[in-house]
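Enquirer: Structure below; questions to follow.
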Amino acid sequence: MPAAVVEYKGWKEGRGCGYCGSERGKVSAGMWAHSMTVQDYQDLIDRGWRRSGKYVYKPIMNQTCCPQYTIRCQALHFQASKSHKKVLKKMLKFLSKGDVSKVASEEEPMDSHIEDAVACDFPYKSESQVSQSELTPLGVDHTESVQNEDKDSGETKEEVNVQKVESDSLQICAAKDTPVPGEPSHSAKVVHAPPKPGKGADLSKPLCRKAKDIRKERKLQKLLQNQKCTLEGSQLPGGDQAFLLQNSKPKTNQPKTIEDFVLESLPDDARHKLEVRVVRSSPPSSQFKATFQESYQVYKRYQMVIHKDPPDKPTINQFTRFLCDSPLEAEHAPNGPECGYGSFHQQYWLDGKIIAVGVIDILPYCVSSVYLYYDPDFSFLSLGVYSALREIAFTRQLHEKAPDLCFYYMGFYIHSCPKMRYKGQYRPSDLLCPETYVWMPIEQCLPLLENSKYSRFNQDGKAVDEGRLKELGRVRVLHKRTVMPYSVYKKRRKGPSDEANVQQYASLVGQTCSERMLLFRS
């Protein structure tokens, strides 16, 4: 597996904040990720990092004006609230009858305020100027020279590893016949037992059946005719059919699940048809390429209408860099989801047109929401909330194939900005302690945030960051195309010491990632 290669850019202070309006209050650290494994990124977001395109950033929580706490929803235990069910019902009514009120929703779309990275971090930072050849380590024949150099200095115990990192990404895309997690196959056969004879006056006729039972039967017959979820146009294996059918069956005295609403059978004369497609965005699959222009036009309209961007600002280059480019390598694992891990676009097709796109990363332990954009003409459908609910349901589907994947990461929760508190409505959810990097139930965190916008959630005063930096010398460095520990690089380096910069980087990413990822040094 190729190693991650990153360029650390240090802290950026005194920048404008889109949440509180402060002109110089934002403080964050950032790095360019030229490549990254999904495990590296999983570990980074579990330490408060987040990506926008290939730029990965972390708010400096005790210094920034609006602390941004990583939030995750426990997808397997999620129960839709009344307001969530209202959105799901509104979508069903629109698909069935097409006559819902077109009053713009006041609900916040998932991560509509990604300006933290988009609007502020990129203008002062152009693309990395490092060439691909500089980022590609040399072969193992350079091992001996590095080892000898380390021995000459008397540090024989230092482990030196020089490895060849593949320059090409693991280009695995879902084939068109790849099964899609979580939806029933077109070839699924559903057998229904005939109704038992009734006990009424006319015993030759069956008992009158409740409308609910009739709808349930129709739902099983028409699962694939309405609200399909497809991955590169593929069908679903039998196991995933069973999962969706099981989760769509109402339990006695149990509240309805997201799946109950998503799989609700529509009438034969339904006005609209909704289809959800999951397409790999990096490396771009054939379906992603085929729908790129249409998807970009939706993004452009969204930015102009919702975020008031001028017509010349939402360029194709901006769209590609922020929402299509990704450092994550496509990976497949025997116990992973059928679609693999990496970066995807979840496209919402209404009557053959894209009306919304959720940008997501599928990681070893979670589905991570990156961004959502949608056609402003359909704002009345509360697509931000609807897409978040669909992504939670998608997480539960992936969990059937990948047991470790059971969380839905919603980005950052910003308590000091009332408009950004909506993410706390997806329960049960946890916030990441900014000092010990352990997850705490949001109910325990909110009282602390009411008293102070920055708070350590872990109330155990003796608890420390278990993943903290312990040995700076073991940080892996890529210097002159050679991989070496920092202890060796430090002796080779000419000019002023960069130890403070490397120390800062390693402290923020943690010991594990600092020993696994390659820190590029020129």
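Identifiers in this document derive from the order of the structure tokens: chains are assigned A, B, ..., residues are numbered from 1 separately in each chain, and ligands are numbered from 1 in order of occurrence.
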Identify, on the basis of only C-alpha atoms, every residue whose closest approach to Thr291 of chain A does not exceed 10 Å; exclude the query and any residue fewer than 5 positions from it along the same chain; express the result as a list of chain:residue names.

Expert: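 Everything that qualifies: A:Val279, A:Ser286, A:Tyr296, A:Gln347, A:Ile354.
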
Enquirer: Let's have the selection written as a PDB file, in the first residue's frame, with all heavy atoms.

Expert:
ATOM      1  N   VAL A 279     -21.066   7.209  -6.907  1.00  0.00           N
ATOM      2  CA  VAL A 279     -20.026   7.087  -7.933  1.00  0.00           C
ATOM      3  C   VAL A 279     -18.684   7.494  -7.343  1.00  0.00           C
ATOM      4  O   VAL A 279     -18.589   8.467  -6.584  1.00  0.00           O
ATOM      5  CB  VAL A 279     -20.344   7.941  -9.187  1.00  0.00           C
ATOM      6  CG1 VAL A 279     -21.626   7.465  -9.836  1.00  0.00           C
ATOM      7  CG2 VAL A 279     -20.449   9.413  -8.843  1.00  0.00           C
ATOM      8  N   SER A 286     -15.992   6.031 -14.606  1.00  0.00           N
ATOM      9  CA  SER A 286     -16.564   6.407 -15.901  1.00  0.00           C
ATOM     10  C   SER A 286     -17.876   7.169 -15.711  1.00  0.00           C
ATOM     11  O   SER A 286     -18.144   8.142 -16.423  1.00  0.00           O
ATOM     12  CB  SER A 286     -16.798   5.155 -16.750  1.00  0.00           C
ATOM     13  OG  SER A 286     -17.644   4.232 -16.065  1.00  0.00           O
ATOM     14  N   TYR A 296     -21.359  19.826 -12.041  1.00  0.00           N
ATOM     15  CA  TYR A 296     -20.748  21.149 -11.847  1.00  0.00           C
ATOM     16  C   TYR A 296     -21.769  22.261 -11.980  1.00  0.00           C
ATOM     17  O   TYR A 296     -21.740  23.233 -11.212  1.00  0.00           O
ATOM     18  CB  TYR A 296     -19.615  21.350 -12.853  1.00  0.00           C
ATOM     19  CG  TYR A 296     -19.191  22.799 -12.985  1.00  0.00           C
ATOM     20  CD1 TYR A 296     -18.607  23.477 -11.920  1.00  0.00           C
ATOM     21  CD2 TYR A 296     -19.407  23.495 -14.173  1.00  0.00           C
ATOM     22  CE1 TYR A 296     -18.247  24.810 -12.030  1.00  0.00           C
ATOM     23  CE2 TYR A 296     -19.047  24.826 -14.298  1.00  0.00           C
ATOM     24  CZ  TYR A 296     -18.458  25.484 -13.218  1.00  0.00           C
ATOM     25  OH  TYR A 296     -18.111  26.804 -13.338  1.00  0.00           O
ATOM     26  N   GLN A 347     -25.046  10.943  -5.760  1.00  0.00           N
ATOM     27  CA  GLN A 347     -25.866  11.792  -6.624  1.00  0.00           C
ATOM     28  C   GLN A 347     -27.354  11.465  -6.462  1.00  0.00           C
ATOM     29  O   GLN A 347     -27.745  10.299  -6.473  1.00  0.00           O
ATOM     30  CB  GLN A 347     -25.466  11.586  -8.094  1.00  0.00           C
ATOM     31  CG  GLN A 347     -24.006  11.876  -8.392  1.00  0.00           C
ATOM     32  CD  GLN A 347     -23.625  11.496  -9.814  1.00  0.00           C
ATOM     33  OE1 GLN A 347     -24.267  10.643 -10.436  1.00  0.00           O
ATOM     34  NE2 GLN A 347     -22.580  12.106 -10.339  1.00  0.00           N
ATOM     35  N   ILE A 354     -29.833  15.503 -12.139  1.00  0.00           N
ATOM     36  CA  ILE A 354     -29.185  15.622 -10.843  1.00  0.00           C
ATOM     37  C   ILE A 354     -29.743  16.851 -10.122  1.00  0.00           C
ATOM     38  O   ILE A 354     -29.709  17.963 -10.653  1.00  0.00           O
ATOM     39  CB  ILE A 354     -27.655  15.766 -10.983  1.00  0.00           C
ATOM     40  CG1 ILE A 354     -27.047  14.503 -11.609  1.00  0.00           C
ATOM     41  CG2 ILE A 354     -27.014  16.019  -9.614  1.00  0.00           C
ATOM     42  CD1 ILE A 354     -25.548  14.595 -11.843  1.00  0.00           C
TER      43      ILE A 354
END

Enquirer: Any idea what's packed within 10 Å of segment 22-27 of chain A, counting only C-alpha atoms, ignoring anything in its chain fewer than 3 positions away? Could you give it as a PyMOL selection string?

Expert: chain A and resi 11-19+58-67+116+120

Enquirer: With C-alpha atoms retained, write the just-selected residues as a compact mmCIF listing (two decimals), in the first residue's frame.

Expert:
# COMPACT_ATOMS: atom_id res chain seq x y z
CA TRP A 11 -0.22 27.57 11.60
CA LYS A 12 -2.21 30.31 9.98
CA GLU A 13 -3.36 33.05 12.33
CA GLY A 14 -5.31 36.27 12.05
CA ARG A 15 -7.74 35.23 9.31
CA GLY A 16 -11.36 36.18 8.86
CA CYS A 17 -14.08 33.91 10.25
CA GLY A 18 -17.34 33.27 8.43
CA TYR A 19 -19.07 32.06 11.58
CA LYS A 58 -7.12 21.35 11.95
CA PRO A 59 -8.47 24.28 13.98
CA ILE A 60 -6.24 25.28 16.89
CA MET A 61 -9.05 24.84 19.34
CA ASN A 62 -7.86 26.85 22.35
CA GLN A 63 -6.91 29.83 20.20
CA THR A 64 -9.37 30.09 17.31
CA CYS A 65 -12.38 32.39 17.68
CA CYS A 66 -14.98 29.68 16.96
CA PRO A 67 -13.83 26.24 18.19
CA ASP A 116 -13.60 27.46 6.74
CA CYS A 120 -10.28 31.20 3.68

Enquirer: Which of these residues is nearest to Glu338 of chain A, using only C-alpha atoms: A:Asp377, A:Glu259, A:Glu400, A:Glu294?

Expert: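 That would be A:Glu400, the residue with the smallest distance to Glu338 of chain A.
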
Enquirer: Of the candidates A:Tyr348, A:Phe457, A:Phe261, A:Tyr299, which one gets nearest to Thr436 of chain A if we count only C-alpha atoms?

Expert: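 Closest candidate: A:Phe457.
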
Enquirer: Using only C-alpha atoms, I'd like a table of the residues in segment 40-71 of chain A that come within 12 Å of segment 505-513 of chain A; for each, show the closest atom pair and its distance in Å rounded to one decimal, ordered by chain and ascending number, as CSV.

Expert:
residue,atom,partner,partner_atom,distance
A:Asp40,CA,A:Cys513,CA,6.4
A:Tyr41,CA,A:Cys513,CA,9.1
A:Gln42,CA,A:Cys513,CA,10.2
A:Asp43,CA,A:Cys513,CA,7.3
A:Leu44,CA,A:Val509,CA,6.3
A:Ile45,CA,A:Val509,CA,9.5
A:Asp46,CA,A:Val509,CA,9.7
A:Arg47,CA,A:Val509,CA,7.0
A:Gly48,CA,A:Leu508,CA,8.9
A:Trp49,CA,A:Val509,CA,8.3
A:Arg50,CA,A:Val509,CA,11.6
A:Val56,CA,A:Val509,CA,10.9
A:Tyr57,CA,A:Leu508,CA,10.3
A:Lys58,CA,A:Leu508,CA,8.3
A:Pro59,CA,A:Leu508,CA,10.3
A:Ile60,CA,A:Leu508,CA,9.4
A:Met61,CA,A:Leu508,CA,11.5

Enquirer: Restricting it to N, CA and C atoms, dump the selection as a compact mmCIF listing (two decimals), in the first residue's frame.

Expert:
# COMPACT_ATOMS: atom_id res chain seq x y z
N ASP A 40 -4.98 6.37 7.42
CA ASP A 40 -4.34 7.61 7.87
C ASP A 40 -5.38 8.70 8.08
N TYR A 41 -6.29 8.85 7.13
CA TYR A 41 -7.28 9.93 7.25
C TYR A 41 -8.26 9.63 8.38
N GLN A 42 -8.63 8.37 8.55
CA GLN A 42 -9.49 8.00 9.67
C GLN A 42 -8.84 8.42 10.99
N ASP A 43 -7.54 8.12 11.13
CA ASP A 43 -6.84 8.47 12.36
C ASP A 43 -6.71 9.98 12.52
N LEU A 44 -6.57 10.69 11.42
CA LEU A 44 -6.45 12.15 11.49
C LEU A 44 -7.77 12.80 11.91
N ILE A 45 -8.89 12.37 11.33
CA ILE A 45 -10.15 13.00 11.72
C ILE A 45 -10.51 12.64 13.16
N ASP A 46 -9.96 11.53 13.65
CA ASP A 46 -10.15 11.19 15.06
C ASP A 46 -9.22 11.99 15.96
N ARG A 47 -8.45 12.90 15.36
CA ARG A 47 -7.64 13.86 16.11
C ARG A 47 -8.03 15.30 15.73
N GLY A 48 -9.21 15.46 15.11
CA GLY A 48 -9.72 16.79 14.86
C GLY A 48 -9.37 17.40 13.51
N TRP A 49 -8.77 16.62 12.60
CA TRP A 49 -8.44 17.12 11.27
C TRP A 49 -9.64 16.95 10.35
N ARG A 50 -9.57 17.62 9.21
CA ARG A 50 -10.65 17.52 8.21
C ARG A 50 -10.08 17.98 6.88
N VAL A 56 -5.65 19.44 4.06
CA VAL A 56 -6.14 18.88 5.32
C VAL A 56 -5.80 19.88 6.43
N TYR A 57 -6.80 20.24 7.22
CA TYR A 57 -6.60 21.31 8.20
C TYR A 57 -7.18 20.93 9.56
N LYS A 58 -6.67 21.60 10.58
CA LYS A 58 -7.12 21.35 11.95
C LYS A 58 -7.20 22.68 12.69
N PRO A 59 -8.37 23.06 13.18
CA PRO A 59 -8.47 24.28 13.98
C PRO A 59 -7.63 24.16 15.25
N ILE A 60 -6.96 25.24 15.62
CA ILE A 60 -6.24 25.28 16.89
C ILE A 60 -7.26 25.69 17.94
N MET A 61 -7.80 24.69 18.60
CA MET A 61 -9.05 24.84 19.34
C MET A 61 -9.01 25.87 20.47

Enquirer: Just list as a list in words whatever in segment 461-521 of chain A DSSP marks as strand (DSSP E).

Expert: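 Listing strand (DSSP E) positions across segment 461-521 of chain A yields Arg476, Val477, Leu478, His479, Thr482, Val483, Met484, Pro485, Leu518, Leu519, Phe520 and Arg521 of chain A.
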
Enquirer: What residues in segment 13-116 of chain A get the DSSP label helix (DSSP H, G or I)? Please answer as a VMD selection string.

Expert: chain A and resid 38 to 45 75 to 77 82 to 97 115 to 116

Enquirer: Could you list, as a ChimeraX atom specification, every residue within 9 Å of Leu405 of chain A, counting only C-alpha atoms and ignoring same-chain residues fewer than 3 positions away?

Expert: /A:336-337,362-367,395-396,398-402,408

Enquirer: For the selection just defined, write its residues with N, CA and C atoms to a file, as a PDB file, in the first residue's frame.

Expert:
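Below is the file that was written, again00.pdb:
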ATOM      1  N   GLY A 336     -14.395  -5.431   3.730  1.00  0.00           N
ATOM      2  CA  GLY A 336     -14.848  -4.062   3.525  1.00  0.00           C
ATOM      3  C   GLY A 336     -16.094  -3.997   2.669  1.00  0.00           C
ATOM      4  N   PRO A 337     -16.618  -2.796   2.447  1.00  0.00           N
ATOM      5  CA  PRO A 337     -17.823  -2.642   1.616  1.00  0.00           C
ATOM      6  C   PRO A 337     -17.545  -3.003   0.163  1.00  0.00           C
ATOM      7  N   ILE A 362     -15.681   7.232   2.356  1.00  0.00           N
ATOM      8  CA  ILE A 362     -15.965   5.967   3.035  1.00  0.00           C
ATOM      9  C   ILE A 362     -14.651   5.484   3.635  1.00  0.00           C
ATOM     10  N   LEU A 363     -14.603   5.434   4.959  1.00  0.00           N
ATOM     11  CA  LEU A 363     -13.387   5.134   5.709  1.00  0.00           C
ATOM     12  C   LEU A 363     -13.576   3.860   6.518  1.00  0.00           C
ATOM     13  N   PRO A 364     -12.511   3.350   7.139  1.00  0.00           N
ATOM     14  CA  PRO A 364     -12.636   2.066   7.850  1.00  0.00           C
ATOM     15  C   PRO A 364     -13.703   2.024   8.932  1.00  0.00           C
ATOM     16  N   TYR A 365     -13.953   3.164   9.605  1.00  0.00           N
ATOM     17  CA  TYR A 365     -14.907   3.151  10.707  1.00  0.00           C
ATOM     18  C   TYR A 365     -16.114   4.044  10.485  1.00  0.00           C
ATOM     19  N   CYS A 366     -16.175   4.716   9.352  1.00  0.00           N
ATOM     20  CA  CYS A 366     -17.257   5.685   9.206  1.00  0.00           C
ATOM     21  C   CYS A 366     -17.498   6.073   7.753  1.00  0.00           C
ATOM     22  N   VAL A 367     -18.656   6.699   7.546  1.00  0.00           N
ATOM     23  CA  VAL A 367     -18.901   7.510   6.355  1.00  0.00           C
ATOM     24  C   VAL A 367     -18.742   8.954   6.816  1.00  0.00           C
ATOM     25  N   THR A 395     -24.718   4.397   5.745  1.00  0.00           N
ATOM     26  CA  THR A 395     -23.724   3.905   6.701  1.00  0.00           C
ATOM     27  C   THR A 395     -24.170   2.572   7.287  1.00  0.00           C
ATOM     28  N   ARG A 396     -25.440   2.462   7.627  1.00  0.00           N
ATOM     29  CA  ARG A 396     -25.961   1.220   8.201  1.00  0.00           C
ATOM     30  C   ARG A 396     -25.921   0.090   7.182  1.00  0.00           C
ATOM     31  N   LEU A 398     -23.661  -0.163   4.705  1.00  0.00           N
ATOM     32  CA  LEU A 398     -22.254  -0.547   4.567  1.00  0.00           C
ATOM     33  C   LEU A 398     -21.802  -1.395   5.761  1.00  0.00           C
ATOM     34  N   HIS A 399     -22.366  -1.132   6.916  1.00  0.00           N
ATOM     35  CA  HIS A 399     -21.996  -1.869   8.126  1.00  0.00           C
ATOM     36  C   HIS A 399     -22.250  -3.366   7.975  1.00  0.00           C
ATOM     37  N   GLU A 400     -23.241  -3.740   7.183  1.00  0.00           N
ATOM     38  CA  GLU A 400     -23.536  -5.159   6.992  1.00  0.00           C
ATOM     39  C   GLU A 400     -22.371  -5.894   6.340  1.00  0.00           C
ATOM     40  N   LYS A 401     -21.633  -5.209   5.498  1.00  0.00           N
ATOM     41  CA  LYS A 401     -20.479  -5.825   4.833  1.00  0.00           C
ATOM     42  C   LYS A 401     -19.182  -5.532   5.584  1.00  0.00           C
ATOM     43  N   ALA A 402     -19.143  -4.380   6.251  1.00  0.00           N
ATOM     44  CA  ALA A 402     -17.939  -3.952   6.967  1.00  0.00           C
ATOM     45  C   ALA A 402     -18.331  -3.688   8.422  1.00  0.00           C
ATOM     46  N   TYR A 408     -21.279   7.832  11.499  1.00  0.00           N
ATOM     47  CA  TYR A 408     -21.489   8.844  10.463  1.00  0.00           C
ATOM     48  C   TYR A 408     -20.903  10.155  10.977  1.00  0.00           C
TER      49      TYR A 408
END

Enquirer: Hey, which of A:Gln68, A:Gly53, A:Asp268, A:Ser368 ends up closest to Tyr454 of chain A? Count only C-alpha atoms.

Expert: A:Gln68

Enquirer: Nearest to Gln79 of chain A: which of A:Glu471, A:Asp375, A:Glu450, A:Asp260 is it, counting only C-alpha atoms?

Expert: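 The answer is A:Asp260, which sits nearest to Gln79 of chain A.
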
Enquirer: Residues near Tyr69 of chain A, anyone? I mean within 9 Å using only C-alpha atoms, not counting same-chain ones fewer than 4 positions away, as a PDB file with all heavy atoms, in the first residue's frame.

Expert:
ATOM      1  N   GLY A  48      -9.212  15.455  15.109  1.00  0.00           N
ATOM      2  CA  GLY A  48      -9.723  16.793  14.856  1.00  0.00           C
ATOM      3  C   GLY A  48      -9.367  17.398  13.512  1.00  0.00           C
ATOM      4  O   GLY A  48      -9.642  18.574  13.272  1.00  0.00           O
ATOM      5  N   PRO A  59      -8.368  23.055  13.180  1.00  0.00           N
ATOM      6  CA  PRO A  59      -8.473  24.280  13.977  1.00  0.00           C
ATOM      7  C   PRO A  59      -7.630  24.157  15.253  1.00  0.00           C
ATOM      8  O   PRO A  59      -7.575  23.082  15.864  1.00  0.00           O
ATOM      9  CB  PRO A  59      -9.962  24.367  14.314  1.00  0.00           C
ATOM     10  CG  PRO A  59     -10.644  23.481  13.306  1.00  0.00           C
ATOM     11  CD  PRO A  59      -9.674  22.393  12.998  1.00  0.00           C
ATOM     12  N   MET A  61      -7.801  24.692  18.605  1.00  0.00           N
ATOM     13  CA  MET A  61      -9.055  24.844  19.340  1.00  0.00           C
ATOM     14  C   MET A  61      -9.005  25.870  20.471  1.00  0.00           C
ATOM     15  O   MET A  61      -9.970  26.601  20.687  1.00  0.00           O
ATOM     16  CB  MET A  61      -9.482  23.491  19.880  1.00  0.00           C
ATOM     17  CG  MET A  61      -9.738  22.465  18.788  1.00  0.00           C
ATOM     18  SD  MET A  61     -11.215  22.871  17.868  1.00  0.00           S
ATOM     19  CE  MET A  61     -12.456  22.278  19.002  1.00  0.00           C
ATOM     20  N   GLY A 411     -18.608  16.233  10.245  1.00  0.00           N
ATOM     21  CA  GLY A 411     -17.718  17.395  10.168  1.00  0.00           C
ATOM     22  C   GLY A 411     -17.555  18.034  11.525  1.00  0.00           C
ATOM     23  O   GLY A 411     -17.273  17.359  12.519  1.00  0.00           O
ATOM     24  N   PHE A 412     -17.750  19.361  11.590  1.00  0.00           N
ATOM     25  CA  PHE A 412     -17.537  20.095  12.824  1.00  0.00           C
ATOM     26  C   PHE A 412     -18.854  20.605  13.426  1.00  0.00           C
ATOM     27  O   PHE A 412     -19.742  21.059  12.697  1.00  0.00           O
ATOM     28  CB  PHE A 412     -16.624  21.298  12.581  1.00  0.00           C
ATOM     29  CG  PHE A 412     -15.190  20.933  12.281  1.00  0.00           C
ATOM     30  CD1 PHE A 412     -14.506  21.550  11.240  1.00  0.00           C
ATOM     31  CD2 PHE A 412     -14.525  19.984  13.038  1.00  0.00           C
ATOM     32  CE1 PHE A 412     -13.185  21.226  10.973  1.00  0.00           C
ATOM     33  CE2 PHE A 412     -13.205  19.649  12.771  1.00  0.00           C
ATOM     34  CZ  PHE A 412     -12.528  20.272  11.737  1.00  0.00           C
ATOM     35  N   TYR A 413     -18.915  20.532  14.734  1.00  0.00           N
ATOM     36  CA  TYR A 413     -20.010  21.138  15.493  1.00  0.00           C
ATOM     37  C   TYR A 413     -19.479  22.426  16.110  1.00  0.00           C
ATOM     38  O   TYR A 413     -18.439  22.432  16.780  1.00  0.00           O
ATOM     39  CB  TYR A 413     -20.486  20.188  16.593  1.00  0.00           C
ATOM     40  CG  TYR A 413     -21.525  20.787  17.517  1.00  0.00           C
ATOM     41  CD1 TYR A 413     -22.865  20.821  17.157  1.00  0.00           C
ATOM     42  CD2 TYR A 413     -21.153  21.330  18.758  1.00  0.00           C
ATOM     43  CE1 TYR A 413     -23.820  21.370  17.999  1.00  0.00           C
ATOM     44  CE2 TYR A 413     -22.103  21.880  19.602  1.00  0.00           C
ATOM     45  CZ  TYR A 413     -23.433  21.901  19.222  1.00  0.00           C
ATOM     46  OH  TYR A 413     -24.375  22.452  20.053  1.00  0.00           O
ATOM     47  N   ILE A 414     -20.184  23.546  15.869  1.00  0.00           N
ATOM     48  CA  ILE A 414     -19.718  24.850  16.339  1.00  0.00           C
ATOM     49  C   ILE A 414     -20.795  25.433  17.242  1.00  0.00           C
ATOM     50  O   ILE A 414     -21.756  26.048  16.777  1.00  0.00           O
ATOM     51  CB  ILE A 414     -19.408  25.791  15.151  1.00  0.00           C
ATOM     52  CG1 ILE A 414     -18.467  25.087  14.171  1.00  0.00           C
ATOM     53  CG2 ILE A 414     -18.789  27.102  15.640  1.00  0.00           C
ATOM     54  CD1 ILE A 414     -18.276  25.826  12.871  1.00  0.00           C
ATOM     55  N   HIS A 415     -20.636  25.247  18.522  1.00  0.00           N
ATOM     56  CA  HIS A 415     -21.665  25.663  19.478  1.00  0.00           C
ATOM     57  C   HIS A 415     -21.763  27.185  19.564  1.00  0.00           C
ATOM     58  O   HIS A 415     -22.848  27.726  19.815  1.00  0.00           O
ATOM     59  CB  HIS A 415     -21.367  25.080  20.858  1.00  0.00           C
ATOM     60  CG  HIS A 415     -22.512  25.197  21.816  1.00  0.00           C
ATOM     61  ND1 HIS A 415     -23.620  24.380  21.751  1.00  0.00           N
ATOM     62  CD2 HIS A 415     -22.743  26.058  22.850  1.00  0.00           C
ATOM     63  CE1 HIS A 415     -24.465  24.698  22.704  1.00  0.00           C
ATOM     64  NE2 HIS A 415     -23.971  25.730  23.390  1.00  0.00           N
ATOM     65  N   LEU A 431     -19.045  14.156  20.691  1.00  0.00           N
ATOM     66  CA  LEU A 431     -18.082  15.188  20.325  1.00  0.00           C
ATOM     67  C   LEU A 431     -16.690  14.729  20.750  1.00  0.00           C
ATOM     68  O   LEU A 431     -16.527  14.010  21.739  1.00  0.00           O
ATOM     69  CB  LEU A 431     -18.412  16.527  20.998  1.00  0.00           C
ATOM     70  CG  LEU A 431     -19.727  17.196  20.598  1.00  0.00           C
ATOM     71  CD1 LEU A 431     -19.860  18.550  21.297  1.00  0.00           C
ATOM     72  CD2 LEU A 431     -19.832  17.376  19.091  1.00  0.00           C
ATOM     73  N   LEU A 432     -15.682  15.156  19.993  1.00  0.00           N
ATOM     74  CA  LEU A 432     -14.301  14.753  20.247  1.00  0.00           C
ATOM     75  C   LEU A 432     -13.652  15.724  21.241  1.00  0.00           C
ATOM     76  O   LEU A 432     -13.648  16.938  21.010  1.00  0.00           O
ATOM     77  CB  LEU A 432     -13.520  14.743  18.937  1.00  0.00           C
ATOM     78  CG  LEU A 432     -12.085  14.204  18.983  1.00  0.00           C
ATOM     79  CD1 LEU A 432     -12.097  12.700  19.285  1.00  0.00           C
ATOM     80  CD2 LEU A 432     -11.381  14.467  17.647  1.00  0.00           C
ATOM     81  N   CYS A 433     -13.132  15.188  22.327  1.00  0.00           N
ATOM     82  CA  CYS A 433     -12.436  16.031  23.303  1.00  0.00           C
ATOM     83  C   CYS A 433     -11.192  16.611  22.645  1.00  0.00           C
ATOM     84  O   CYS A 433     -10.367  15.862  22.100  1.00  0.00           O
ATOM     85  CB  CYS A 433     -12.045  15.221  24.543  1.00  0.00           C
ATOM     86  SG  CYS A 433     -11.089  16.171  25.753  1.00  0.00           S
ATOM     87  N   PRO A 434     -11.007  17.930  22.670  1.00  0.00           N
ATOM     88  CA  PRO A 434      -9.884  18.549  21.961  1.00  0.00           C
ATOM     89  C   PRO A 434      -8.534  18.357  22.640  1.00  0.00           C
ATOM     90  O   PRO A 434      -7.508  18.762  22.083  1.00  0.00           O
ATOM     91  CB  PRO A 434     -10.274  20.033  21.937  1.00  0.00           C
ATOM     92  CG  PRO A 434     -11.113  20.220  23.155  1.00  0.00           C
ATOM     93  CD  PRO A 434     -11.878  18.932  23.317  1.00  0.00           C
TER      94      PRO A 434
END

Enquirer: Show me, as a PyMOL selection string, the residues that have an atom within 12 Å of Val502 of chain A when counting only C-alpha atoms, minus same-chain residues fewer than 4 positions from it.

Expert: chain A and resi 7-10+469+471-477+485-487+489-490+497-498+506-511+514+518-521

Enquirer: Just how far from atom CA of Val100 of chain A is atom CA of Gln425 of chain A, in Å to one decimal?

Expert: 24.0 Å

Enquirer: Just how far from atom CA of Ile306 of chain A is atom CA of Ser379 of chain A, in Å to one decimal?

Expert: 9.5 Å

Enquirer: Can you measure atom CA of Arg468 of chain A to atom CA of Met484 of chain A for me? One decimal in Å is fine.

Expert: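 Atom CA of Met484 of chain A lies 20.7 Å from atom CA of Arg468 of chain A.
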
Enquirer: Pick out the residues sitting within 9 Å of Ser128 of chain A, and hand them over as a CSV table (one decimal) with N, CA, C and O atoms, in the first residue's frame; count only C-alpha atoms, and ignore anything fewer than 3 positions along from it in its own chain.

Expert:
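Once everything was written out, this is selection-v2.csv:
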chain,number,residue,atom,x,y,z
A,7,GLU,N,2.8,17.7,3.0
A,7,GLU,CA,3.6,18.9,3.2
A,7,GLU,C,3.0,19.7,4.3
A,7,GLU,O,1.9,20.2,4.1
A,32,TRP,N,-0.8,20.0,2.9
A,32,TRP,CA,-1.2,19.4,1.6
A,32,TRP,C,-0.9,17.9,1.7
A,32,TRP,O,0.2,17.5,2.0
A,34,HIS,N,-0.5,14.9,-0.6
A,34,HIS,CA,-0.4,14.5,-2.0
A,34,HIS,C,-1.0,13.1,-2.2
A,34,HIS,O,-1.5,12.8,-3.3
A,125,LYS,N,-3.0,30.3,-0.5
A,125,LYS,CA,-2.2,29.1,-0.7
A,125,LYS,C,-2.5,28.5,-2.1
A,125,LYS,O,-3.5,27.9,-2.3
A,131,SER,N,7.3,18.8,-7.4
A,131,SER,CA,7.0,17.9,-8.6
A,131,SER,C,6.8,16.5,-8.1
A,131,SER,O,7.2,16.1,-7.0

Enquirer: When distances are computed from only C-alpha atoms, which of A:Phe288, A:Asn335, A:Glu275, A:Pro314 shows the smallest separation from Leu263 of chain A?

Expert: A:Glu275

Enquirer: Quick one: residues within 7 Å of Ala33 of chain A, only C-alpha atoms, excluding same-chain residues fewer than 5 positions away - as a PyMOL selection string?

Expert: chain A and resi 5-7+54-56+327
